[in-house]
Amino acid sequence: MKRISLSLSLLLPAIAWLSPEALACTNLIAGPKATADGSVFVTYAADSHNLYGMLTHTPAAKHAPGEMRKVIEWDTNKPLGEIPQPAQTYNVVGNINEHQVAIGESTWGGREELVDTTGNSIIDYGSLIQIALERSKTAREAIKVMTELVDKYGYASSGESFSIADKNEVWVMELIGKGAEKGAVWVAVRIPDNAISGHANEPRIRKVDFKDKENVMHSKDVISFARKRGYFNGKDEDFSFADAYSEHDPATRRGCDARVWSFFRRYNPEADKYYAWCSGESNDPMPLYVIPDKKLTVEDMQESMRDHFEGTPFEMTSDVGAGPFHVPYRWRPMEYEVDGKKYCMERAIATQQTGWSFVSQSRADLPDPVGGVLWFGTDDTNTSVYMPIYCSVTEVPEQLGPGDINTFDFNSNFWMNTWVANQAYERYDRMIPDIRKVQGKLESNYRNSRSAVEKELVALHSAGNMDALRKKVNDESKAIAKEATDSYRELAQYLLVKYMDGNQKKTDADGNFIMTEYGIPAYPTFPGYDKKYYENIVKESGDHFLIP
């Protein structure tokens, strides 16, 4: 999704043309030898202030010669054109297909003049992802499909990074259009199997070994086009895609690369040194990937998506902006001015405007219908529940179906998560423990039950009973979506009752409301504010509130 980063006035002129409705997303990546069970992981948060959280599905299909596919722009729902269908397309649920290919993205804009100026391009970044999932069995094939599409039909979006994974490997591809020329320039790098990577609205691919055909792919004119446009004039071996096609000032580093850095430092202590790049104290870039000091799990990836810069100088719960309830969220706009100087708000991975997110899991040791799982959640990653949705699912649970952000729905997973989260934004330190209890119990049950569920699914697959397998995954996804939604509806009501009117109802160890011996609710407590809040009142108002 497109970058908002900090404010437009803080961003470089090269990207300042992005619209106020521009979006911002985060991808985190782990290769198969960097994970505890050999999974390939990609995470994605679709962040937008206007995006409803829903799970999409496109069934596998056979197509007659001459059958056409409509191309609809993801961000606007605008029809862009039509392209011919292939003979066969694959089952796609969310951002993963039946062959365990998963794709995420983040937009970085890049040079304004490289957006299509002809009006004839019909492939936007979102359609590029969806069409590639419909047509690809591997990550490499997806890269081929995507780059051939933009060459043939033109690229209708701005600079973009893609995470492209299958059950064996994961790639980062960065791509930008050519202005009045048709097509795009691009480079793709395979992330080493033992490494972790990520991107968050900044291009990340710099120097690469173009002779390494096994691990590097690129458009034939990726360097020559940059030379022609005056973006690069050095030796080929010094070429940096990220620096030729975009620019990087301290504002964009702090608003974008800092999110990836916070992920890196969780699993590689040496990554702390890249703080200087993110804070603008150094111009030595952070690398595309690092080697973790532990093997990552699904739970690690989920928790990383809930990051608020804990344990870093960017930590969000202790500065004055967190308020008396230590809220790790900052409302837009993301910059402000005081005495002629510009300041920023932090932009963490977990953010209030997320529509939906996922942790994709692709595994080579399991058959495709079982190995590919989309751990899917709606709304804020920090407070939502990640639900396992297998890539063989053919029916979307009603709680994850279509809706919009103007129409409240008690049966919607997105709206129940939003109800819970928005209460916590006002009294975060009080409510988040209650949320963690419900969230943690649900997610632990879903993770711990995978072994038994997948044993049954593998047996069905081995017996060739695909109808029963599909019924099993469809039925389970419906049950899980209902349970998660029902649980958060109850949680939202509980939070409202427990913390009504700024007070806090008394509860027992199990969270049950305490009654007096005469059968009425126990008198609530008055938690008040933290010490810093009171100190700030006195600092601001002096003796105005002093009791003589």
# chains A, B, ... in the order shown; residues from 1 in each chain; ligands from 1
$ residues_around --residues "region 306-322 of chain A" --least-positions-apart "5" --cutoff "8 Å" --atoms "only C-alpha atoms" --output "ChimeraX atom specification"
/A:259,262-263,327-330,346,348-350,381-382
$ residues_around --residues "region 24-28 of chain A" --least-positions-apart "3" --cutoff "10 Å" --atoms "only C-alpha atoms" --output "ChimeraX atom specification"
/A:1-5,21,41-49,103-108,161-163,196-202,256-257,259-260,263-264,301,304-305,347-351,353-354,357-359
$ select_by_dssp --residues "region 172-263 of chain A" --states "helix (DSSP H, G or I)" --output "count of residues only"
29
$ closest_residue --among "A:Trp261, A:Tyr446, A:Phe526, A:Tyr494" --to "Gly511 (chain A)" --atoms "only C-alpha atoms"
A:Tyr494
$ select_by_dssp --residues "region 275-496 of chain A" --states "strand (DSSP E)" --output "list in words"
Tyr289, Val290, Glu335, Tyr336, Glu337, Val338, Lys341, Lys342, Tyr343, Cys344, Thr354, Gly355, Trp356, Ser357, Phe358, Val359, Ser360, Gln361, Ser362, Val373, Leu374, Trp375, Phe376, Gly377, Thr378, Met387, Pro388, Ile389 and Tyr390 of chain A
$ decode --residues "region 182-209 of chain A" --atoms "C-alpha atoms" --output "compact mmCIF listing (two decimals), in the first residue's frame"
# COMPACT_ATOMS: atom_id res chain seq x y z
CA LYS A 182 5.92 1.53 -21.70
CA GLY A 183 6.84 -1.00 -19.05
CA ALA A 184 9.04 -0.78 -15.97
CA VAL A 185 12.58 -1.16 -14.68
CA TRP A 186 13.07 -3.65 -11.89
CA VAL A 187 15.43 -5.83 -9.89
CA ALA A 188 14.71 -8.93 -7.81
CA VAL A 189 16.96 -10.50 -5.17
CA ARG A 190 16.57 -13.88 -3.52
CA ILE A 191 16.83 -13.56 0.24
CA PRO A 192 19.33 -16.15 1.58
CA ASP A 193 17.55 -19.10 3.15
CA ASN A 194 19.11 -18.39 6.57
CA ALA A 195 18.25 -14.67 6.58
CA ILE A 196 15.43 -12.33 7.54
CA SER A 197 14.48 -9.25 5.56
CA GLY A 198 11.76 -6.66 5.23
CA HIS A 199 10.60 -3.48 3.55
CA ALA A 200 8.30 -0.67 4.65
CA ASN A 201 7.67 1.97 1.98
CA GLU A 202 11.33 2.46 1.15
CA PRO A 203 13.25 0.72 -1.69
CA ARG A 204 15.83 -1.56 -0.09
CA ILE A 205 17.85 -3.14 -2.93
CA ARG A 206 21.19 -1.47 -3.44
CA LYS A 207 24.37 -3.05 -4.84
CA VAL A 208 23.87 -6.57 -6.18
CA ASP A 209 25.93 -9.06 -8.17
